[in-house]
$ cat coords.pdb   # PDB, C-alpha atoms
ATOM      1  CA  MET R   1      72.794  20.585  12.581
ATOM      2  CA  GLN R   2      74.722  22.226   9.784
ATOM      3  CA  ASN R   3      77.151  25.045  10.423
ATOM      4  CA  PRO R   4      76.011  27.557   7.798
ATOM      5  CA  LEU R   5      79.494  29.047   7.752
ATOM      6  CA  ALA R   6      80.769  25.779   6.338
ATOM      7  CA  LEU R   7      78.394  25.889   3.373
ATOM      8  CA  PRO R   8      79.539  26.860  -0.127
ATOM      9  CA  PHE R   9      78.889  30.582  -0.425
ATOM     10  CA  PRO R  10      76.266  30.350  -3.242
ATOM     11  CA  GLU R  11      74.227  27.840  -1.247
ATOM     12  CA  LEU R  12      74.545  29.960   1.862
ATOM     13  CA  LEU R  13      73.161  32.926  -0.077
ATOM     14  CA  LEU R  14      70.211  30.864  -1.312
ATOM     15  CA  ARG R  15      69.456  29.552   2.162
ATOM     16  CA  ALA R  16      69.846  32.980   3.776
ATOM     17  CA  ALA R  17      67.600  34.615   1.173
ATOM     18  CA  LEU R  18      64.869  32.057   1.729
ATOM     19  CA  ALA R  19      65.223  32.205   5.509
ATOM     20  CA  PHE R  20      65.089  36.004   5.543
ATOM     21  CA  SER R  21      61.902  36.041   3.470
ATOM     22  CA  PHE R  22      60.231  33.975   6.169
ATOM     23  CA  VAL R  23      61.753  35.583   9.269
ATOM     24  CA  TYR R  24      60.988  39.173   8.270
ATOM     25  CA  PRO R  25      57.179  38.846   8.034
ATOM     26  CA  ALA R  26      57.062  36.800  11.226
ATOM     27  CA  ILE R  27      58.869  39.526  13.182
ATOM     28  CA  HIS R  28      57.177  42.481  11.501
ATOM     29  CA  ALA R  29      53.797  40.882  12.208
ATOM     30  CA  LEU R  30      54.496  41.385  15.905
ATOM     31  CA  ILE R  31      54.662  45.126  15.264
ATOM     32  CA  ASP R  32      51.954  45.544  12.612
ATOM     33  CA  PRO R  33      49.878  42.348  12.338
ATOM     34  CA  TYR R  34      47.258  43.848  10.061
ATOM     35  CA  ALA R  35      49.848  44.498   7.385
ATOM     36  CA  TRP R  36      50.162  40.730   7.041
ATOM     37  CA  VAL R  37      46.909  39.164   8.201
ATOM     38  CA  GLY R  38      45.270  39.991   4.889
ATOM     39  CA  TYR R  39      47.385  37.399   3.101
ATOM     40  CA  ILE R  40      46.156  34.468   5.191
ATOM     41  CA  PRO R  41      44.044  32.298   2.885
ATOM     42  CA  GLY R  42      40.399  32.330   3.879
ATOM     43  CA  PHE R  43      40.173  28.531   4.027
ATOM     44  CA  VAL R  44      42.840  28.484   6.749
ATOM     45  CA  LEU R  45      40.747  30.757   8.956
ATOM     46  CA  GLY R  46      37.749  28.558   8.197
ATOM     47  CA  ILE R  47      39.568  25.462   9.423
ATOM     48  CA  LEU R  48      41.121  26.889  12.576
ATOM     49  CA  PRO R  49      38.760  28.114  15.320
ATOM     50  CA  LEU R  50      41.125  30.936  16.241
ATOM     51  CA  GLY R  51      41.292  34.680  15.724
ATOM     52  CA  GLU R  52      43.073  35.824  12.586
ATOM     53  CA  VAL R  53      45.862  37.568  14.496
ATOM     54  CA  THR R  54      46.430  34.445  16.577
ATOM     55  CA  VAL R  55      46.638  32.366  13.401
ATOM     56  CA  LEU R  56      49.074  34.915  11.989
ATOM     57  CA  HIS R  57      51.417  34.610  14.969
ATOM     58  CA  LEU R  58      51.183  30.812  14.986
ATOM     59  CA  TRP R  59      52.174  30.859  11.341
ATOM     60  CA  GLY R  60      54.962  33.287  12.260
ATOM     61  CA  ALA R  61      56.361  30.761  14.729
ATOM     62  CA  ILE R  62      56.261  28.092  12.019
ATOM     63  CA  GLU R  63      57.954  30.491   9.610
ATOM     64  CA  ILE R  64      60.830  31.055  12.019
ATOM     65  CA  ALA R  65      61.197  27.324  12.642
ATOM     66  CA  LEU R  66      61.297  26.662   8.893
ATOM     67  CA  ALA R  67      63.796  29.478   8.400
ATOM     68  CA  LEU R  68      66.134  28.115  11.076
ATOM     69  CA  TRP R  69      65.803  24.623   9.669
ATOM     70  CA  VAL R  70      66.613  25.696   6.139
ATOM     71  CA  LEU R  71      69.499  27.870   7.332
ATOM     72  CA  CYS R  72      71.124  25.396   9.714
ATOM     73  CA  GLY R  73      69.705  21.997   8.816
ATOM     74  CA  ARG R  74      71.481  19.259   6.920
ATOM     75  CA  ARG R  75      68.416  17.685   5.317
ATOM     76  CA  ILE R  76      66.424  20.621   4.051
ATOM     77  CA  LEU R  77      64.323  18.908   1.419
ATOM     78  CA  ILE R  78      61.230  18.996   3.636
ATOM     79  CA  PRO R  79      61.420  22.626   4.861
ATOM     80  CA  ALA R  80      62.411  23.900   1.436
ATOM     81  CA  LEU R  81      59.465  22.137  -0.183
ATOM     82  CA  ALA R  82      57.129  23.371   2.550
ATOM     83  CA  MET R  83      58.329  26.939   2.111
ATOM     84  CA  GLY R  84      57.934  26.817  -1.648
ATOM     85  CA  LEU R  85      54.431  25.397  -1.402
ATOM     86  CA  ALA R  86      53.470  27.946   1.267
ATOM     87  CA  LEU R  87      54.577  30.793  -0.974
ATOM     88  CA  LEU R  88      52.629  29.371  -3.888
ATOM     89  CA  ALA R  89      49.555  29.040  -1.664
ATOM     90  CA  VAL R  90      49.803  32.673  -0.624
ATOM     91  CA  VAL R  91      50.090  33.844  -4.227
ATOM     92  CA  LEU R  92      47.311  31.603  -5.536
ATOM     93  CA  SER R  93      44.903  32.574  -2.765
ATOM     94  CA  ASN R  94      45.564  36.294  -3.302
ATOM     95  CA  LEU R  95      45.741  36.605  -7.073
ATOM     96  CA  SER R  96      44.064  40.007  -6.871
ATOM     97  CA  GLN R  97      47.210  41.207  -5.084
ATOM     98  CA  PHE R  98      49.591  39.725  -7.655
ATOM     99  CA  ALA R  99      51.213  43.115  -8.284
ATOM    100  CA  ILE R 100      52.487  42.936  -4.710
ATOM    101  CA  LEU R 101      53.046  39.199  -4.420
ATOM    102  CA  PHE R 102      54.753  38.408  -7.722
ATOM    103  CA  ARG R 103      58.137  38.394  -5.987
ATOM    104  CA  ASP R 104      57.021  35.398  -3.967
ATOM    105  CA  LEU R 105      57.251  33.289  -7.120
ATOM    106  CA  PRO R 106      61.032  33.665  -7.575
ATOM    107  CA  ILE R 107      61.464  33.096  -3.830
ATOM    108  CA  ALA R 108      59.429  29.912  -4.222
ATOM    109  CA  ALA R 109      61.754  28.986  -7.065
ATOM    110  CA  ILE R 110      64.708  29.424  -4.695
ATOM    111  CA  ALA R 111      62.975  27.091  -2.247
ATOM    112  CA  PHE R 112      62.345  24.474  -4.920
ATOM    113  CA  ALA R 113      65.930  24.789  -6.177
ATOM    114  CA  LEU R 114      67.223  24.110  -2.675
ATOM    115  CA  ALA R 115      64.843  21.170  -2.356
ATOM    116  CA  TRP R 116      66.112  19.815  -5.659
ATOM    117  CA  MET R 117      69.739  20.196  -4.524
ATOM    118  CA  HIS R 118      68.938  18.119  -1.433
ATOM    119  CA  ARG R 119      66.631  15.589  -3.079
ATOM    120  CA  ALA R 120      69.111  12.799  -2.399
ATOM    121  CA  HIS R 121      68.304  13.134   1.310
ATOM    122  CA  ALA R 122      64.655  12.203   0.821
TER     123      ALA R 122
ATOM    124  CA  MET V 123      85.363  34.593  -4.609
ATOM    125  CA  ASN V 124      87.571  34.946  -1.570
ATOM    126  CA  THR V 125      85.644  33.455   1.345
ATOM    127  CA  LYS V 126      86.675  36.208   3.732
ATOM    128  CA  VAL V 127      85.453  38.929   1.351
ATOM    129  CA  ALA V 128      82.190  37.062   0.878
ATOM    130  CA  TRP V 129      81.594  36.853   4.592
ATOM    131  CA  ILE V 130      82.368  40.532   5.077
ATOM    132  CA  ALA V 131      79.762  41.288   2.398
ATOM    133  CA  VAL V 132      77.202  39.122   4.198
ATOM    134  CA  VAL V 133      77.872  40.803   7.534
ATOM    135  CA  VAL V 134      77.562  44.277   5.991
ATOM    136  CA  ILE V 135      74.290  43.372   4.267
ATOM    137  CA  VAL V 136      72.820  41.898   7.439
ATOM    138  CA  ALA V 137      73.913  44.938   9.465
ATOM    139  CA  LEU V 138      72.315  47.336   6.987
ATOM    140  CA  ALA V 139      69.132  45.258   6.983
ATOM    141  CA  LEU V 140      68.962  45.326  10.776
ATOM    142  CA  ILE V 141      69.507  49.094  10.899
ATOM    143  CA  TRP V 142      66.764  49.619   8.314
ATOM    144  CA  PHE V 143      64.407  47.244  10.078
ATOM    145  CA  PHE V 144      64.759  48.721  13.550
ATOM    146  CA  SER V 145      64.519  52.299  12.323
ATOM    147  CA  GLY V 146      61.258  51.364  10.595
ATOM    148  CA  MET V 147      60.020  49.570  13.698
ATOM    149  CA  ASN V 148      60.311  52.729  15.769
ATOM    150  CA  ARG V 149      58.238  54.691  13.277
ATOM    151  CA  ALA V 150      55.591  52.008  13.122
ATOM    152  CA  ALA V 151      55.319  51.670  16.881
ATOM    153  CA  ALA V 152      54.724  55.359  17.540
ATOM    154  CA  PRO V 153      50.953  55.512  16.912
ATOM    155  CA  THR V 154      50.176  52.532  19.142
ATOM    156  CA  GLU V 155      52.120  54.002  22.053
ATOM    157  CA  SER V 156      49.813  56.999  22.127
ATOM    158  CA  SER V 157      46.739  54.786  22.058
ATOM    159  CA  ALA V 158      47.756  52.092  24.467
ATOM    160  CA  THR V 159      44.534  52.371  26.431
ATOM    161  CA  THR V 160      42.239  52.147  23.420
ATOM    162  CA  ASP V 161      41.133  49.189  21.320
ATOM    163  CA  THR V 162      43.349  49.852  18.365
ATOM    164  CA  ALA V 163      43.516  47.528  15.387
ATOM    165  CA  THR V 164      47.238  46.958  15.771
ATOM    166  CA  SER V 165      47.155  45.549  19.266
ATOM    167  CA  SER V 166      44.239  43.133  19.522
ATOM    168  CA  GLU V 167      41.580  41.158  17.755
ATOM    169  CA  PRO V 168      38.913  43.362  16.181
ATOM    170  CA  VAL V 169      36.157  44.773  18.324
ATOM    171  CA  ALA V 170      33.043  46.605  17.269
ATOM    172  CA  PRO V 171      33.539  50.377  17.264
ATOM    173  CA  ALA V 172      31.434  52.575  19.485
ATOM    174  CA  PRO V 173      28.356  53.905  17.666
ATOM    175  CA  VAL V 174      28.728  57.402  16.293
ATOM    176  CA  GLU V 175      25.776  59.756  16.273
ATOM    177  CA  THR V 176      25.237  61.536  12.986
ATOM    178  CA  ASP V 177      22.493  63.698  11.589
ATOM    179  CA  LYS V 178      21.302  61.262   8.929
ATOM    180  CA  GLY V 179      18.754  63.743   7.730
ATOM    181  CA  THR V 180      21.416  65.958   6.184
ATOM    182  CA  LEU V 181      23.277  63.163   4.455
ATOM    183  CA  PRO V 182      22.461  61.730   1.013
ATOM    184  CA  ALA V 183      21.356  58.099   0.966
ATOM    185  CA  ALA V 184      24.345  55.813   1.260
ATOM    186  CA  THR V 185      25.244  53.242  -1.344
ATOM    187  CA  VAL V 186      25.768  49.908   0.391
ATOM    188  CA  VAL V 187      28.624  47.526  -0.407
ATOM    189  CA  THR V 188      28.505  44.235   1.474
ATOM    190  CA  LEU V 189      31.572  42.153   2.245
ATOM    191  CA  THR V 190      30.849  38.434   2.144
ATOM    192  CA  ASP V 191      33.132  35.412   2.137
ATOM    193  CA  ALA V 192      32.895  35.510  -1.655
ATOM    194  CA  GLY V 193      34.084  39.123  -1.807
ATOM    195  CA  PHE V 194      32.438  42.520  -2.138
ATOM    196  CA  SER V 195      28.891  42.787  -3.466
ATOM    197  CA  PRO V 196      28.645  44.749  -5.642
ATOM    198  CA  ALA V 197      32.331  44.741  -6.511
ATOM    199  CA  SER V 198      31.984  48.039  -8.345
ATOM    200  CA  VAL V 199      29.747  50.988  -7.523
ATOM    201  CA  THR V 200      29.332  54.378  -9.101
ATOM    202  CA  VAL V 201      28.499  57.388  -6.930
ATOM    203  CA  SER V 202      28.513  61.143  -7.195
ATOM    204  CA  ALA V 203      31.063  63.300  -5.444
ATOM    205  CA  GLY V 204      29.835  63.989  -1.942
ATOM    206  CA  GLN V 205      27.941  60.726  -1.736
ATOM    207  CA  THR V 206      28.543  58.214   1.028
ATOM    208  CA  VAL V 207      29.279  54.539   0.588
ATOM    209  CA  ARG V 208      28.477  52.229   3.498
ATOM    210  CA  PHE V 209      30.577  49.086   3.752
ATOM    211  CA  VAL V 210      28.892  46.286   5.701
ATOM    212  CA  ASN V 211      30.767  43.264   6.995
ATOM    213  CA  ASP V 212      28.724  40.137   6.377
ATOM    214  CA  SER V 213      31.770  37.871   6.090
ATOM    215  CA  SER V 214      33.215  35.391   8.540
ATOM    216  CA  ARG V 215      36.430  37.381   8.980
ATOM    217  CA  SER V 216      37.045  40.928  10.093
ATOM    218  CA  MET V 217      36.762  43.950   7.786
ATOM    219  CA  TRP V 218      39.112  46.860   7.317
ATOM    220  CA  ILE V 219      38.348  48.820   4.168
ATOM    221  CA  GLY V 220      41.320  50.548   2.622
ATOM    222  CA  ALA V 221      42.243  52.171  -0.654
ATOM    223  CA  ASP V 222      44.641  50.234  -2.874
ATOM    224  CA  GLU V 223      47.543  49.375  -2.813
ATOM    225  CA  HIS V 224      47.616  46.779  -0.097
ATOM    226  CA  PRO V 225      48.964  47.171   2.557
ATOM    227  CA  THR V 226      49.871  50.864   2.383
ATOM    228  CA  HIS V 227      46.561  52.372   1.144
ATOM    229  CA  THR V 228      48.219  55.215  -0.699
ATOM    230  CA  GLU V 229      46.250  55.468  -3.940
ATOM    231  CA  TYR V 230      43.406  57.723  -2.756
ATOM    232  CA  ASP V 231      45.357  60.623  -1.334
ATOM    233  CA  GLY V 232      49.022  59.678  -1.512
ATOM    234  CA  THR V 233      49.428  59.093   2.211
ATOM    235  CA  SER V 234      50.115  55.702   3.734
ATOM    236  CA  THR V 235      48.432  53.950   6.624
ATOM    237  CA  ARG V 236      51.354  54.837   8.851
ATOM    238  CA  GLU V 237      50.765  58.500   8.094
ATOM    239  CA  HIS V 238      46.985  58.857   8.047
ATOM    240  CA  CYS V 239      45.831  56.318  10.646
ATOM    241  CA  VAL V 240      45.817  57.793  14.121
ATOM    242  CA  GLU V 241      44.257  55.889  17.007
ATOM    243  CA  GLY V 242      42.109  53.766  14.723
ATOM    244  CA  ALA V 243      40.733  56.563  12.564
ATOM    245  CA  ALA V 244      41.874  58.240   9.359
ATOM    246  CA  VAL V 245      42.928  61.865   9.389
ATOM    247  CA  GLY V 246      42.996  64.237   6.436
ATOM    248  CA  GLY V 247      40.178  62.570   4.514
ATOM    249  CA  ALA V 248      42.068  59.401   3.674
ATOM    250  CA  PHE V 249      40.017  56.492   2.316
ATOM    251  CA  ASP V 250      40.981  54.075   5.063
ATOM    252  CA  GLN V 251      38.938  52.515   7.856
ATOM    253  CA  CYS V 252      42.123  52.284   9.969
ATOM    254  CA  GLN V 253      40.767  49.521  12.156
ATOM    255  CA  ALA V 254      39.399  46.027  11.815
ATOM    256  CA  VAL V 255      35.775  45.432  12.758
ATOM    257  CA  PRO V 256      33.976  42.112  13.204
ATOM    258  CA  ARG V 257      31.043  40.604  11.331
ATOM    259  CA  GLY V 258      27.929  42.752  11.556
ATOM    260  CA  ALA V 259      29.765  46.053  11.800
ATOM    261  CA  SER V 260      29.815  48.693   9.090
ATOM    262  CA  TRP V 261      31.807  51.741   8.059
ATOM    263  CA  GLU V 262      30.936  54.737   5.928
ATOM    264  CA  PHE V 263      33.092  56.916   3.752
ATOM    265  CA  THR V 264      32.108  60.030   1.830
ATOM    266  CA  PHE V 265      33.937  60.449  -1.454
ATOM    267  CA  THR V 266      34.716  64.088  -2.104
ATOM    268  CA  LYS V 267      36.722  63.894  -5.313
ATOM    269  CA  ALA V 268      36.053  62.349  -8.712
ATOM    270  CA  GLY V 269      37.987  59.377  -9.966
ATOM    271  CA  THR V 270      38.159  55.611  -9.954
ATOM    272  CA  PHE V 271      39.379  54.225  -6.655
ATOM    273  CA  GLY V 272      40.243  50.616  -5.994
ATOM    274  CA  PHE V 273      39.759  49.299  -2.502
ATOM    275  CA  HIS V 274      40.225  46.027  -0.671
ATOM    276  CA  ASN V 275      39.707  44.357   2.668
ATOM    277  CA  HIS V 276      42.962  44.916   4.532
ATOM    278  CA  THR V 277      42.382  41.798   6.648
ATOM    279  CA  GLY V 278      41.486  39.652   3.645
ATOM    280  CA  ALA V 279      43.339  41.165   0.748
ATOM    281  CA  SER V 280      41.883  38.863  -1.892
ATOM    282  CA  SER V 281      38.596  40.785  -1.576
ATOM    283  CA  VAL V 282      38.773  43.821  -3.845
ATOM    284  CA  GLY V 283      36.411  46.358  -5.344
ATOM    285  CA  THR V 284      36.152  49.679  -7.130
ATOM    286  CA  VAL V 285      34.329  52.922  -6.431
ATOM    287  CA  ILE V 286      33.796  55.229  -9.392
ATOM    288  CA  VAL V 287      33.132  58.794  -8.296
ATOM    289  CA  ARG V 288      31.664  61.156 -10.923
TER     290      ARG V 288
END
$ encode --input "coords.pdb" --output "C-alpha cells"
Amino acid sequence: MQNPLALPFPELLLRAALAFSFVYPAIHALIDPYAWVGYIPGFVLGILPLGEVTVLHLWGAIEIALALWVLCGRRILIPALAMGLALLAVVLSNLSQFAILFRDLPIAAIAFALAWMHRAHA
Amino acid sequence: MNTKVAWIAVVVIVALALIWFFSGMNRAAAPTESSATTDTATSSEPVAPAPVETDKGTLPAATVVTLTDAGFSPASVTVSAGQTVRFVNDSSRSMWIGADEHPTHTEYDGTSTREHCVEGAAVGGAFDQCQAVPRGASWEFTFTKAGTFGFHNHTGASSVGTVIVR
C-alpha cells in the first residue's frame, strides 16, 4: 500500500487523473446506466450471459478496484496497463463515436506512461 | 512547487468536482423519482413496452430500419416530412433509438435526454425512444421537419444511421 500523499506531486496528478477517469463513470452509471451501457463492446455482452446493465455495474466495480490500485498501490504496472488497454478497447469498439471518445486516447497515454514509469516492478 | 500549495490546489479541485457531481446527480435523479412504480429504462433491464393502439389507416406506410448485431439496415433512409420510420430490434442487445450526439441526443431539437425524456417517453417531439426495449420490439417516429438527422442505438453506441427528411 502506497500513501499517495507521499508521492511526488506530478506522479500523484497522473495517478489521480487516471483514477478519476475510471471512478466517475462507475459511480455515474449507478444513477444513469444507459448513458454508459452503450460503450460496452458487443463481444463482451456476447461472452457474458448477463444483462447489459449488470455487466456495466460489474465493470464499474472493476473500474473502482483498478482506480484504487493505481492511486494507492506500489506496483501499478498491471493496473495501469489494464486501464490503458481497456480505454483503447472502448475507443476501437466504438469508432463511430470517436468525436466523443477521442479524449480516452490521451487518458490511455497517461496509463501507459505510468506503466512505463513502473516497468521495473514487472 | 511548494508541496503545501500543491495539496491545497488538489483539495480545492476535488471539492469543486464533488459539488459539480452531486448537483448534477440531483437533476438526473428527478425523473426516476416520479416514475418509481413504472418500468423505466434507468432503473432496470429493458422490458417490452405495452402495445399502443393507433389508427394505422390514417398513417402513411412506415419505412422500416432494422437493428441487427451488424448495425442498422439500411443505415441511411430517405423519407418525406410527415412520414414515419419504424425501428425494429433484431439484435441480441437492447435497442434505444436516439438522435446524435451520444449520449445526450440533442441534435434533432436541441434538448437533451434529461430534458425531453419523461417516464420513458419523449416530450415535445424529440427524436428519442427514451427507453430500452428488448429483441423483437419496435419503435416508430414521425419526422416532421426536413433535414439530415444522425441517430444511434443508445445501448450500443457503435450502431449508427442517418435519416434524410425531404
$ atom_distance --input "coords.pdb" --atom1 "atom CA of V:Ser234" --atom2 "atom CA of V:Ser198"
23.1 Å
$ closest_residue --input "coords.pdb" --among "R:Ala89, R:Ala19, R:Leu105, R:Val53" --to "R:Ile31" --atoms "all atoms listed in the file"
R:Val53
$ closest_residue --input "coords.pdb" --among "V:Val136, V:Val282, V:Ala203, V:Ala197" --to "V:Ile219" --atoms "all atoms listed in the file"
V:Val282
$ atom_distance --input "coords.pdb" --atom1 "atom CA of V:Gly283" --atom2 "atom CA of V:Glu241"
25.5 Å
$ resolve_selection --input "coords.pdb" --expression "the ChimeraX specification (/R :<6) & /V" --output "ChimeraX atom specification"
/V:164,225,276-280
$ residues_around --input "coords.pdb" --residues "V:Thr188" --least-positions-apart "3" --cutoff "8 Å" --atoms "only C-alpha atoms" --output "short mmCIF file (atom, residue, chain, number, x, y, z; two decimals) with C-alpha atoms, in the coordinates of the input"
data_model
loop_
_atom_site.label_atom_id
_atom_site.label_comp_id
_atom_site.auth_asym_id
_atom_site.auth_seq_id
_atom_site.Cartn_x
_atom_site.Cartn_y
_atom_site.Cartn_z
CA PHE V 194 32.44 42.52 -2.14
CA SER V 195 28.89 42.79 -3.47
CA PRO V 196 28.64 44.75 -5.64
CA PHE V 209 30.58 49.09 3.75
CA VAL V 210 28.89 46.29 5.70
CA ASN V 211 30.77 43.26 7.00
CA ASP V 212 28.72 40.14 6.38
#
$ resolve_selection --input "coords.pdb" --expression "the PyMOL selection byres ((chain R and resi 119) around 12)" --output "number ranges by chain"
R: 74-81, 112-118, 120-122
$ write_last_selection --input "coords.pdb" --atoms "C-alpha atoms" --output "tab-separated table (two decimals), in the coordinates of the input"
chain	number	residue	atom	x	y	z
R	74	ARG	CA	71.48	19.26	6.92
R	75	ARG	CA	68.42	17.68	5.32
R	76	ILE	CA	66.42	20.62	4.05
R	77	LEU	CA	64.32	18.91	1.42
R	78	ILE	CA	61.23	19.00	3.64
R	79	PRO	CA	61.42	22.63	4.86
R	80	ALA	CA	62.41	23.90	1.44
R	81	LEU	CA	59.46	22.14	-0.18
R	112	PHE	CA	62.34	24.47	-4.92
R	113	ALA	CA	65.93	24.79	-6.18
R	114	LEU	CA	67.22	24.11	-2.68
R	115	ALA	CA	64.84	21.17	-2.36
R	116	TRP	CA	66.11	19.82	-5.66
R	117	MET	CA	69.74	20.20	-4.52
R	118	HIS	CA	68.94	18.12	-1.43
R	120	ALA	CA	69.11	12.80	-2.40
R	121	HIS	CA	68.30	13.13	1.31
R	122	ALA	CA	64.66	12.20	0.82
$ closest_residue --input "coords.pdb" --among "R:Leu48, R:Leu71, R:Val90, R:Met83" --to "R:Ala109" --atoms "all atoms listed in the file"
R:Met83
